[in-house]
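Colleague: There's a structure below that I have some questions on.
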Amino acid sequence: MNVQEFQNKLKEVQEILKAKVITSVTGWEDIEVKSACGCDLMSDVLAFVKNQALLLTGLVNPQVIRTAEMMDIKVIVFVRGKMPGEDVITLAEKLDMVIFTTDTPLYVACGELYSNGLSGKGE
């Protein structure tokens with residue numbers, strides 16, 4: 001897949017990262033993603049504020065979901081094989097957030113998405 005072929009659909013993100021879907025949100029495959037943010041500091045996420053962003057993080061606590069909610073982020077990818085607890089999954093499903101988990105490290109996951117055409121700019 002190259003930059004010109006990337007259609008900004010969440011299904012493509014899942015395939016690129018070989019990620020497992022954790023939440024059961026109907027129609028997640030066609031959710032449009034325009035940018036991504038990779039970090040473990042939620043204060044940086046608050047400063048990021050971009051349109052239709054996907055958050056990649058190694059933190060697996062409810063604060064990640066609450067921060068994403070504040071920023072209207074609907075997709076979270078937990079990296080390094082991290083698996084959130086039931087409290088995090090339940091909260092995300094209540095808010096119609098899609099959660100993935102991938103064994104890929106944060107730096108590599110961001111690089112793979114960027115090299116396949118997903119911007120970090122949120123244009």
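Letters A, B, ... mark the chains of the structure tokens in the order given; residue numbers begin at 1 per chain; ligand numbers begin at 1, in order shown.
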As a list in words, please: the residues near Leu54 (chain A) (cut-off 9 Å, only C-alpha atoms, same-chain neighbours under 3 positions excluded).

Modeller: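 After dropping sequence-adjacent residues, the list is Val33, Lys34, Ser35, Ala36, Cys37, Gly38, Ile73, Lys74, Val75, Ile76 and Val77 of chain A.
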
Colleague: Got time to write the residues from that selection, C-alpha atoms, as a PDB file, in the first residue's frame?

Modeller:
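Written out: part20.pdb:
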ATOM      1  CA  VAL A  33      -9.467   8.833  10.112  1.00  0.00           C
ATOM      2  CA  LYS A  34      -7.655  11.973   8.977  1.00  0.00           C
ATOM      3  CA  SER A  35      -4.729  12.066  11.383  1.00  0.00           C
ATOM      4  CA  ALA A  36      -3.007  10.206  14.190  1.00  0.00           C
ATOM      5  CA  CYS A  37      -1.376  11.105  17.487  1.00  0.00           C
ATOM      6  CA  GLY A  38       1.010   8.784  19.271  1.00  0.00           C
ATOM      7  CA  ILE A  73     -11.307  11.115  19.462  1.00  0.00           C
ATOM      8  CA  LYS A  74     -13.279   8.016  18.527  1.00  0.00           C
ATOM      9  CA  VAL A  75     -10.444   5.527  17.930  1.00  0.00           C
ATOM     10  CA  ILE A  76      -7.733   4.375  20.337  1.00  0.00           C
ATOM     11  CA  VAL A  77      -4.977   1.888  19.550  1.00  0.00           C
TER      12      VAL A  77
END

Colleague: Leaving out region 93-100 of chain A and any residue of its chain fewer than 2 positions from it, which residues lie within 8 Å of it when counting only C-alpha atoms, given as JSON, numbers by chain?

Modeller: {"A": [14, 19, 20, 21, 22, 23, 24, 25, 28, 69, 73, 74, 75, 76, 77, 78, 89, 90, 91, 102]}

Colleague: Write the selection just made, keeping all heavy atoms, as a short mmCIF file (atom, residue, chain, number, x, y, z; two decimals), in the first residue's frame?

Modeller:
data_model
loop_
_atom_site.label_atom_id
_atom_site.label_comp_id
_atom_site.auth_asym_id
_atom_site.auth_seq_id
_atom_site.Cartn_x
_atom_site.Cartn_y
_atom_site.Cartn_z
N GLN A 14 -6.40 -0.95 10.81
CA GLN A 14 -6.37 -2.25 11.48
C GLN A 14 -5.46 -3.22 10.72
O GLN A 14 -4.67 -3.94 11.33
CB GLN A 14 -7.78 -2.83 11.59
CG GLN A 14 -7.77 -4.15 12.33
CD GLN A 14 -8.78 -5.15 11.83
OE1 GLN A 14 -9.37 -4.98 10.77
NE2 GLN A 14 -8.99 -6.18 12.61
N ALA A 19 -3.95 -5.22 13.98
CA ALA A 19 -4.57 -4.97 15.28
C ALA A 19 -5.83 -5.80 15.49
O ALA A 19 -6.52 -6.16 14.53
CB ALA A 19 -4.92 -3.48 15.41
N LYS A 20 -6.11 -6.07 16.74
CA LYS A 20 -7.31 -6.79 17.14
C LYS A 20 -8.34 -5.77 17.63
O LYS A 20 -8.01 -4.86 18.40
CB LYS A 20 -6.98 -7.77 18.27
CG LYS A 20 -8.16 -8.54 18.78
CD LYS A 20 -7.76 -9.47 19.91
CE LYS A 20 -9.00 -10.15 20.48
NZ LYS A 20 -8.69 -10.91 21.69
N VAL A 21 -9.59 -5.91 17.20
CA VAL A 21 -10.67 -5.03 17.63
C VAL A 21 -11.16 -5.48 18.99
O VAL A 21 -11.49 -6.65 19.18
CB VAL A 21 -11.83 -5.05 16.62
CG1 VAL A 21 -12.91 -4.07 17.03
CG2 VAL A 21 -11.34 -4.76 15.21
N ILE A 22 -11.23 -4.56 19.94
CA ILE A 22 -11.63 -4.88 21.31
C ILE A 22 -13.08 -4.51 21.59
O ILE A 22 -13.78 -5.23 22.28
CB ILE A 22 -10.70 -4.16 22.33
CG1 ILE A 22 -9.25 -4.53 22.10
CG2 ILE A 22 -11.13 -4.45 23.76
CD1 ILE A 22 -8.96 -6.01 22.24
N THR A 23 -13.54 -3.38 21.07
CA THR A 23 -14.91 -2.95 21.32
C THR A 23 -15.82 -3.35 20.16
O THR A 23 -15.35 -3.62 19.06
CB THR A 23 -14.98 -1.41 21.50
OG1 THR A 23 -14.35 -0.79 20.39
CG2 THR A 23 -14.31 -0.99 22.79
N SER A 24 -17.10 -3.37 20.43
CA SER A 24 -18.07 -3.77 19.40
C SER A 24 -18.89 -2.57 18.95
O SER A 24 -20.03 -2.41 19.36
CB SER A 24 -18.97 -4.88 19.93
OG SER A 24 -19.62 -4.44 21.10
N VAL A 25 -18.29 -1.74 18.14
CA VAL A 25 -18.97 -0.57 17.58
C VAL A 25 -19.36 -0.92 16.15
O VAL A 25 -18.51 -1.25 15.33
CB VAL A 25 -18.05 0.67 17.62
CG1 VAL A 25 -18.70 1.85 16.91
CG2 VAL A 25 -17.69 1.04 19.05
N TRP A 28 -17.54 0.18 12.35
CA TRP A 28 -16.21 0.75 12.63
C TRP A 28 -15.30 0.73 11.41
O TRP A 28 -14.45 1.60 11.26
CB TRP A 28 -15.54 0.04 13.81
CG TRP A 28 -15.17 -1.38 13.54
CD1 TRP A 28 -15.90 -2.49 13.81
CD2 TRP A 28 -13.97 -1.86 12.91
NE1 TRP A 28 -15.24 -3.62 13.41
CE2 TRP A 28 -14.05 -3.27 12.85
CE3 TRP A 28 -12.83 -1.23 12.40
CZ2 TRP A 28 -13.05 -4.04 12.29
CZ3 TRP A 28 -11.82 -2.01 11.84
CH2 TRP A 28 -11.95 -3.40 11.79
N GLU A 69 -12.47 11.35 24.96
CA GLU A 69 -13.83 11.88 24.91
C GLU A 69 -13.81 13.41 24.82
O GLU A 69 -14.53 14.00 24.02
CB GLU A 69 -14.60 11.43 26.15
CG GLU A 69 -16.01 11.99 26.23
CD GLU A 69 -16.69 11.67 27.55
OE1 GLU A 69 -16.00 11.43 28.57
OE2 GLU A 69 -17.94 11.67 27.55
N ILE A 73 -12.05 12.19 20.12
CA ILE A 73 -11.31 11.12 19.46
C ILE A 73 -12.13 9.85 19.61
O ILE A 73 -12.50 9.48 20.72
CB ILE A 73 -9.91 10.95 20.10
CG1 ILE A 73 -9.06 12.18 19.83
CG2 ILE A 73 -9.23 9.68 19.60
CD1 ILE A 73 -7.74 12.21 20.59
N LYS A 74 -12.41 9.19 18.51
CA LYS A 74 -13.28 8.02 18.53
C LYS A 74 -12.53 6.70 18.37
O LYS A 74 -13.15 5.64 18.43
CB LYS A 74 -14.33 8.13 17.41
CG LYS A 74 -15.31 9.25 17.63
CD LYS A 74 -16.18 8.96 18.83
CE LYS A 74 -17.26 10.00 19.02
NZ LYS A 74 -18.01 9.78 20.25
N VAL A 75 -11.21 6.75 18.16
CA VAL A 75 -10.44 5.53 17.93
C VAL A 75 -9.16 5.56 18.76
O VAL A 75 -8.40 6.52 18.70
CB VAL A 75 -10.07 5.37 16.44
CG1 VAL A 75 -9.34 4.06 16.22
CG2 VAL A 75 -11.31 5.46 15.56
N ILE A 76 -8.94 4.50 19.53
CA ILE A 76 -7.73 4.38 20.34
C ILE A 76 -7.06 3.05 20.01
O ILE A 76 -7.73 2.01 19.97
CB ILE A 76 -8.05 4.43 21.85
CG1 ILE A 76 -8.74 5.76 22.18
CG2 ILE A 76 -6.79 4.24 22.68
CD1 ILE A 76 -9.31 5.83 23.58
N VAL A 77 -5.76 3.10 19.79
CA VAL A 77 -4.98 1.89 19.55
C VAL A 77 -4.01 1.73 20.71
O VAL A 77 -3.16 2.60 20.93
CB VAL A 77 -4.18 1.97 18.23
CG1 VAL A 77 -3.37 0.70 18.03
CG2 VAL A 77 -5.11 2.21 17.04
N PHE A 78 -4.16 0.65 21.47
CA PHE A 78 -3.22 0.34 22.54
C PHE A 78 -2.08 -0.47 21.93
O PHE A 78 -2.32 -1.49 21.28
CB PHE A 78 -3.91 -0.42 23.67
CG PHE A 78 -4.90 0.42 24.42
CD1 PHE A 78 -6.25 0.12 24.37
CD2 PHE A 78 -4.50 1.52 25.16
CE1 PHE A 78 -7.19 0.89 25.05
CE2 PHE A 78 -5.42 2.30 25.85
CZ PHE A 78 -6.77 1.98 25.79
N ILE A 89 -12.81 -0.89 28.74
CA ILE A 89 -13.58 -1.37 27.58
C ILE A 89 -15.04 -0.95 27.70
O ILE A 89 -15.64 -0.45 26.74
CB ILE A 89 -13.44 -2.89 27.43
CG1 ILE A 89 -11.99 -3.27 27.10
CG2 ILE A 89 -14.40 -3.42 26.36
CD1 ILE A 89 -11.68 -4.75 27.20
N THR A 90 -15.61 -1.13 28.87
CA THR A 90 -17.02 -0.76 29.11
C THR A 90 -17.24 0.74 28.88
O THR A 90 -18.21 1.14 28.23
CB THR A 90 -17.45 -1.15 30.53
OG1 THR A 90 -17.29 -2.57 30.67
CG2 THR A 90 -18.88 -0.77 30.81
N LEU A 91 -16.35 1.56 29.41
CA LEU A 91 -16.46 3.01 29.25
C LEU A 91 -16.35 3.39 27.77
O LEU A 91 -17.13 4.19 27.27
CB LEU A 91 -15.38 3.72 30.07
CG LEU A 91 -15.38 5.24 30.02
CD1 LEU A 91 -16.72 5.81 30.46
CD2 LEU A 91 -14.24 5.78 30.88
N THR A 102 -2.54 -3.79 19.48
CA THR A 102 -1.55 -4.30 18.55
C THR A 102 -0.26 -4.60 19.31
O THR A 102 0.04 -3.93 20.30
CB THR A 102 -1.26 -3.31 17.40
OG1 THR A 102 -0.30 -3.88 16.50
CG2 THR A 102 -0.74 -1.98 17.89
#

Colleague: Do you have the CA of Leu46 (chain A)-CA of Arg66 (chain A) distance handy?

Modeller: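 The value is 10.8 Å.
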
Colleague: Which residues are near Leu17 (chain A)? Cut-off 9 Å, only C-alpha atoms, ignore same chain within fewer than 3 positions. Put them as a PyMOL selection string.

Modeller: chain A and resi 12-14+20+101-104+109+112-113

Colleague: How about saving the chosen residues, C-alpha atoms kept, as a PDB file, in the first residue's frame?

Modeller:
ATOM      1  CA  GLU A  12      -6.935  -0.024   6.624  1.00  0.00           C
ATOM      2  CA  VAL A  13      -5.429   1.083   9.931  1.00  0.00           C
ATOM      3  CA  GLN A  14      -6.367  -2.255  11.476  1.00  0.00           C
ATOM      4  CA  LYS A  20      -7.313  -6.791  17.139  1.00  0.00           C
ATOM      5  CA  THR A 101      -4.729  -3.536  20.458  1.00  0.00           C
ATOM      6  CA  THR A 102      -1.549  -4.303  18.553  1.00  0.00           C
ATOM      7  CA  ASP A 103       1.756  -5.909  19.475  1.00  0.00           C
ATOM      8  CA  THR A 104       3.557  -3.196  17.526  1.00  0.00           C
ATOM      9  CA  ALA A 109       3.074   1.838  14.717  1.00  0.00           C
ATOM     10  CA  GLU A 112       3.861   2.411   9.664  1.00  0.00           C
ATOM     11  CA  LEU A 113       0.723   4.558   9.558  1.00  0.00           C
TER      12      LEU A 113
END

Colleague: Have a look at A:Asn8, A:Cys39, A:Glu15, A:Gly85 and name the one nearest to Leu55 (chain A); count only C-alpha atoms.

Modeller: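 For Leu55 (chain A), the nearest of the candidates is A:Cys39.
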
Colleague: Can you tell me which residues surround Thr67 (chain A) at a distance of at most 8 Å, considering only C-alpha atoms, apart from same-chain residues fewer than 2 positions away, and format the answer as a PDB file with all heavy atoms, in the first residue's frame?

Modeller:
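Saved result, result34.pdb, follows:
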ATOM      1  N   MET A  42      -1.195  12.315  28.451  1.00  0.00           N
ATOM      2  CA  MET A  42      -2.512  12.800  28.086  1.00  0.00           C
ATOM      3  C   MET A  42      -2.551  14.318  27.967  1.00  0.00           C
ATOM      4  O   MET A  42      -3.366  14.866  27.233  1.00  0.00           O
ATOM      5  CB  MET A  42      -3.574  12.287  29.070  1.00  0.00           C
ATOM      6  CG  MET A  42      -3.798  10.772  28.980  1.00  0.00           C
ATOM      7  SD  MET A  42      -4.297  10.182  27.341  1.00  0.00           S
ATOM      8  CE  MET A  42      -2.773   9.450  26.728  1.00  0.00           C
ATOM      9  N   VAL A  45      -1.991  15.002  24.453  1.00  0.00           N
ATOM     10  CA  VAL A  45      -3.204  14.738  23.667  1.00  0.00           C
ATOM     11  C   VAL A  45      -4.123  15.958  23.736  1.00  0.00           C
ATOM     12  O   VAL A  45      -4.686  16.384  22.733  1.00  0.00           O
ATOM     13  CB  VAL A  45      -3.939  13.475  24.168  1.00  0.00           C
ATOM     14  CG1 VAL A  45      -5.254  13.288  23.426  1.00  0.00           C
ATOM     15  CG2 VAL A  45      -3.050  12.250  24.002  1.00  0.00           C
ATOM     16  N   LEU A  46      -4.244  16.544  24.920  1.00  0.00           N
ATOM     17  CA  LEU A  46      -5.077  17.735  25.073  1.00  0.00           C
ATOM     18  C   LEU A  46      -4.554  18.893  24.225  1.00  0.00           C
ATOM     19  O   LEU A  46      -5.329  19.675  23.686  1.00  0.00           O
ATOM     20  CB  LEU A  46      -5.157  18.153  26.550  1.00  0.00           C
ATOM     21  CG  LEU A  46      -5.917  17.194  27.452  1.00  0.00           C
ATOM     22  CD1 LEU A  46      -5.760  17.600  28.911  1.00  0.00           C
ATOM     23  CD2 LEU A  46      -7.380  17.110  27.074  1.00  0.00           C
ATOM     24  N   GLN A  63      -8.458   7.162  32.235  1.00  0.00           N
ATOM     25  CA  GLN A  63      -8.112   8.546  31.887  1.00  0.00           C
ATOM     26  C   GLN A  63      -7.882   8.704  30.387  1.00  0.00           C
ATOM     27  O   GLN A  63      -8.190   9.744  29.808  1.00  0.00           O
ATOM     28  CB  GLN A  63      -6.861   9.003  32.664  1.00  0.00           C
ATOM     29  CG  GLN A  63      -6.507  10.449  32.432  1.00  0.00           C
ATOM     30  CD  GLN A  63      -7.597  11.400  32.896  1.00  0.00           C
ATOM     31  OE1 GLN A  63      -8.308  11.125  33.862  1.00  0.00           O
ATOM     32  NE2 GLN A  63      -7.738  12.522  32.222  1.00  0.00           N
ATOM     33  N   VAL A  64      -7.385   7.664  29.734  1.00  0.00           N
ATOM     34  CA  VAL A  64      -7.180   7.708  28.284  1.00  0.00           C
ATOM     35  C   VAL A  64      -8.531   7.878  27.582  1.00  0.00           C
ATOM     36  O   VAL A  64      -8.675   8.694  26.664  1.00  0.00           O
ATOM     37  CB  VAL A  64      -6.469   6.427  27.786  1.00  0.00           C
ATOM     38  CG1 VAL A  64      -6.418   6.378  26.271  1.00  0.00           C
ATOM     39  CG2 VAL A  64      -5.071   6.336  28.375  1.00  0.00           C
ATOM     40  N   ILE A  65      -9.520   7.141  28.033  1.00  0.00           N
ATOM     41  CA  ILE A  65     -10.855   7.225  27.438  1.00  0.00           C
ATOM     42  C   ILE A  65     -11.461   8.597  27.705  1.00  0.00           C
ATOM     43  O   ILE A  65     -12.040   9.215  26.809  1.00  0.00           O
ATOM     44  CB  ILE A  65     -11.779   6.110  27.988  1.00  0.00           C
ATOM     45  CG1 ILE A  65     -11.151   4.724  27.782  1.00  0.00           C
ATOM     46  CG2 ILE A  65     -13.166   6.202  27.364  1.00  0.00           C
ATOM     47  CD1 ILE A  65     -10.857   4.358  26.348  1.00  0.00           C
ATOM     48  N   GLU A  69     -12.467  11.348  24.958  1.00  0.00           N
ATOM     49  CA  GLU A  69     -13.830  11.877  24.914  1.00  0.00           C
ATOM     50  C   GLU A  69     -13.814  13.408  24.824  1.00  0.00           C
ATOM     51  O   GLU A  69     -14.531  13.999  24.022  1.00  0.00           O
ATOM     52  CB  GLU A  69     -14.601  11.427  26.152  1.00  0.00           C
ATOM     53  CG  GLU A  69     -16.007  11.988  26.235  1.00  0.00           C
ATOM     54  CD  GLU A  69     -16.695  11.672  27.552  1.00  0.00           C
ATOM     55  OE1 GLU A  69     -16.005  11.433  28.572  1.00  0.00           O
ATOM     56  OE2 GLU A  69     -17.939  11.669  27.554  1.00  0.00           O
ATOM     57  N   MET A  70     -12.978  14.043  25.638  1.00  0.00           N
ATOM     58  CA  MET A  70     -12.871  15.500  25.630  1.00  0.00           C
ATOM     59  C   MET A  70     -12.418  16.033  24.279  1.00  0.00           C
ATOM     60  O   MET A  70     -12.832  17.111  23.853  1.00  0.00           O
ATOM     61  CB  MET A  70     -11.898  15.967  26.718  1.00  0.00           C
ATOM     62  CG  MET A  70     -12.441  15.835  28.110  1.00  0.00           C
ATOM     63  SD  MET A  70     -11.239  16.242  29.400  1.00  0.00           S
ATOM     64  CE  MET A  70     -10.499  17.729  28.820  1.00  0.00           C
ATOM     65  N   MET A  71     -11.578  15.270  23.601  1.00  0.00           N
ATOM     66  CA  MET A  71     -11.004  15.715  22.327  1.00  0.00           C
ATOM     67  C   MET A  71     -11.781  15.186  21.126  1.00  0.00           C
ATOM     68  O   MET A  71     -11.375  15.379  19.988  1.00  0.00           O
ATOM     69  CB  MET A  71      -9.539  15.281  22.233  1.00  0.00           C
ATOM     70  CG  MET A  71      -8.674  15.767  23.381  1.00  0.00           C
ATOM     71  SD  MET A  71      -8.871  17.526  23.758  1.00  0.00           S
ATOM     72  CE  MET A  71      -8.328  18.251  22.236  1.00  0.00           C
TER      73      MET A  71
END

Colleague: Could you give me, as a PyMOL selection string, each residue of region 14-122 of chain A that DSSP assigns to alpha helix (DSSP H) when run on this structure's backbone?

Modeller: chain A and resi 14-17+42-48+62-70+86-94+106-115

Colleague: Keeping only N, CA, C and O atoms, take the residues you just selected and write them out as a compact mmCIF listing (two decimals), in the first residue's frame.

Modeller:
# COMPACT_ATOMS: atom_id res chain seq x y z
N GLN A 14 -6.40 -0.95 10.81
CA GLN A 14 -6.37 -2.25 11.48
C GLN A 14 -5.46 -3.22 10.72
O GLN A 14 -4.67 -3.94 11.33
N GLU A 15 -5.55 -3.23 9.41
CA GLU A 15 -4.74 -4.13 8.60
C GLU A 15 -3.26 -3.78 8.68
O GLU A 15 -2.41 -4.66 8.82
N ILE A 16 -2.95 -2.50 8.59
CA ILE A 16 -1.55 -2.05 8.64
C ILE A 16 -0.91 -2.45 9.96
O ILE A 16 0.23 -2.92 10.00
N LEU A 17 -1.63 -2.26 11.06
CA LEU A 17 -1.08 -2.53 12.39
C LEU A 17 -1.31 -3.97 12.86
O LEU A 17 -0.87 -4.34 13.95
N MET A 42 -1.20 12.32 28.45
CA MET A 42 -2.51 12.80 28.09
C MET A 42 -2.55 14.32 27.97
O MET A 42 -3.37 14.87 27.23
N SER A 43 -1.64 15.02 28.64
CA SER A 43 -1.57 16.47 28.46
C SER A 43 -1.16 16.82 27.03
O SER A 43 -1.61 17.82 26.48
N ASP A 44 -0.32 15.99 26.41
CA ASP A 44 0.03 16.21 25.01
C ASP A 44 -1.17 15.96 24.10
O ASP A 44 -1.35 16.65 23.10
N VAL A 45 -1.99 15.00 24.45
CA VAL A 45 -3.20 14.74 23.67
C VAL A 45 -4.12 15.96 23.74
O VAL A 45 -4.69 16.38 22.73
N LEU A 46 -4.24 16.54 24.92
CA LEU A 46 -5.08 17.74 25.07
C LEU A 46 -4.55 18.89 24.23
O LEU A 46 -5.33 19.67 23.69
N ALA A 47 -3.25 18.98 24.07
CA ALA A 47 -2.66 20.03 23.25
C ALA A 47 -2.77 19.73 21.76
O ALA A 47 -2.71 20.63 20.93
N PHE A 48 -2.95 18.45 21.41
CA PHE A 48 -2.97 18.02 20.01
C PHE A 48 -4.21 18.53 19.28
O PHE A 48 -4.10 19.09 18.20
N PRO A 62 -8.64 4.39 32.52
CA PRO A 62 -9.83 5.14 32.12
C PRO A 62 -9.54 6.59 31.73
O PRO A 62 -10.29 7.19 30.95
N GLN A 63 -8.46 7.16 32.23
CA GLN A 63 -8.11 8.55 31.89
C GLN A 63 -7.88 8.70 30.39
O GLN A 63 -8.19 9.74 29.81
N VAL A 64 -7.39 7.66 29.73
CA VAL A 64 -7.18 7.71 28.28
C VAL A 64 -8.53 7.88 27.58
O VAL A 64 -8.68 8.69 26.66
N ILE A 65 -9.52 7.14 28.03
CA ILE A 65 -10.85 7.22 27.44
C ILE A 65 -11.46 8.60 27.71
O ILE A 65 -12.04 9.21 26.81
N ARG A 66 -11.32 9.10 28.91
CA ARG A 66 -11.87 10.42 29.27
C ARG A 66 -11.20 11.54 28.47
O ARG A 66 -11.86 12.47 28.01
N THR A 67 -9.90 11.43 28.29
CA THR A 67 -9.18 12.43 27.49
C THR A 67 -9.63 12.37 26.04
O THR A 67 -9.89 13.41 25.41
N ALA A 68 -9.75 11.17 25.50
CA ALA A 68 -10.22 11.00 24.12
C ALA A 68 -11.63 11.57 23.96
O ALA A 68 -11.93 12.22 22.96
N GLU A 69 -12.47 11.35 24.96
CA GLU A 69 -13.83 11.88 24.91
C GLU A 69 -13.81 13.41 24.82
O GLU A 69 -14.53 14.00 24.02
N MET A 70 -12.98 14.04 25.64
CA MET A 70 -12.87 15.50 25.63
C MET A 70 -12.42 16.03 24.28
O MET A 70 -12.83 17.11 23.85
N GLU A 86 -11.61 -4.41 31.88
CA GLU A 86 -13.03 -4.35 31.55
C GLU A 86 -13.62 -2.96 31.79
O GLU A 86 -14.51 -2.53 31.06
N ASP A 87 -13.13 -2.25 32.82
CA ASP A 87 -13.66 -0.91 33.10
C ASP A 87 -13.38 0.04 31.94
O ASP A 87 -14.23 0.83 31.54
N VAL A 88 -12.21 -0.07 31.34
CA VAL A 88 -11.84 0.78 30.20
C VAL A 88 -12.67 0.39 28.97
O VAL A 88 -13.19 1.26 28.26
N ILE A 89 -12.81 -0.89 28.74
CA ILE A 89 -13.58 -1.37 27.58
C ILE A 89 -15.04 -0.95 27.70
O ILE A 89 -15.64 -0.45 26.74
N THR A 90 -15.61 -1.13 28.87
CA THR A 90 -17.02 -0.76 29.11
C THR A 90 -17.24 0.74 28.88
O THR A 90 -18.21 1.14 28.23
N LEU A 91 -16.35 1.56 29.41
CA LEU A 91 -16.46 3.01 29.25
C LEU A 91 -16.35 3.39 27.77
O LEU A 91 -17.13 4.19 27.27
N ALA A 92 -15.41 2.79 27.05
CA ALA A 92 -15.23 3.08 25.63
C ALA A 92 -16.47 2.69 24.83
O ALA A 92 -16.92 3.44 23.96
N GLU A 93 -17.03 1.53 25.13
CA GLU A 93 -18.23 1.09 24.41
C GLU A 93 -19.42 2.01 24.71
O GLU A 93 -20.21 2.31 23.82
N LYS A 94 -19.52 2.46 25.93
CA LYS A 94 -20.59 3.39 26.31
C LYS A 94 -20.50 4.68 25.49
O LYS A 94 -21.50 5.30 25.16
N LEU A 106 4.90 1.65 19.91
CA LEU A 106 4.34 2.96 19.56
C LEU A 106 5.09 3.62 18.40
O LEU A 106 4.47 4.05 17.43
N TYR A 107 6.40 3.69 18.49
CA TYR A 107 7.20 4.35 17.47
C TYR A 107 7.01 3.68 16.10
O TYR A 107 6.80 4.35 15.09
N VAL A 108 7.04 2.38 16.09
CA VAL A 108 6.89 1.63 14.83
C VAL A 108 5.48 1.78 14.29
O VAL A 108 5.27 1.98 13.08
N ALA A 109 4.47 1.70 15.15
CA ALA A 109 3.07 1.84 14.72
C ALA A 109 2.84 3.20 14.07
O ALA A 109 2.22 3.29 13.00
N CYS A 110 3.35 4.26 14.69
CA CYS A 110 3.21 5.60 14.11
C CYS A 110 3.91 5.66 12.76
O CYS A 110 3.37 6.22 11.80
N GLY A 111 5.10 5.11 12.69
CA GLY A 111 5.86 5.11 11.44
C GLY A 111 5.16 4.35 10.33
O GLY A 111 5.13 4.78 9.18
N GLU A 112 4.57 3.20 10.67
CA GLU A 112 3.86 2.41 9.66
C GLU A 112 2.64 3.16 9.13
O GLU A 112 2.39 3.16 7.92
N LEU A 113 1.89 3.80 10.00
CA LEU A 113 0.72 4.56 9.56
C LEU A 113 1.15 5.76 8.72
O LEU A 113 0.57 6.02 7.66
N TYR A 114 2.18 6.45 9.15
CA TYR A 114 2.67 7.62 8.40
C TYR A 114 3.18 7.22 7.02
O TYR A 114 2.86 7.84 6.01
N SER A 115 3.95 6.13 6.98
CA SER A 115 4.53 5.70 5.70
C SER A 115 3.45 5.17 4.74
O SER A 115 3.68 5.09 3.53

Colleague: Between A:Thr26, A:Glu32, A:Asn61, A:Pro84, which residue has the minimum interatomic distance to Lys11 (chain A), considering only C-alpha atoms?

Modeller: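 Checking each candidate against Lys11 (chain A), we get A:Glu32 as the closest.
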
Colleague: Find, counting only C-alpha atoms, the residue in A:Leu118, A:Val79, A:Leu10, A:Leu59 that gets nearest to Asp40 (chain A).

Modeller: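 Answer, going by the shortest atom-to-atom distance: A:Leu59.
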
Colleague: So the first atom is CA of Gly117 (chain A) and the second is CA of Ala53 (chain A); what is the distance between them in Å, to one decimal place?

Modeller: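 Taking CA of Gly117 (chain A) as the start and CA of Ala53 (chain A) as the end point, the length is 13.8 Å.
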
Colleague: Have a look at CA of Gly120 (chain A) and CA of Gly58 (chain A) and let me know their distance in Å, one decimal.

Modeller: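 These two atoms are separated by 17.9 Å.
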
Colleague: Could you pull out all residues of region 3-81 of chain A with a DSSP call of strand (DSSP E) and give them as a list of chain:residue names?

Modeller: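 Going through region 3-81 of chain A, the strand (DSSP E) residues come out as A:Lys20, A:Val21, A:Ser35, A:Ala36, A:Cys37, A:Gly38, A:Ala53, A:Leu54, A:Leu55, A:Leu56, A:Thr57, A:Val75, A:Ile76, A:Val77, A:Phe78.
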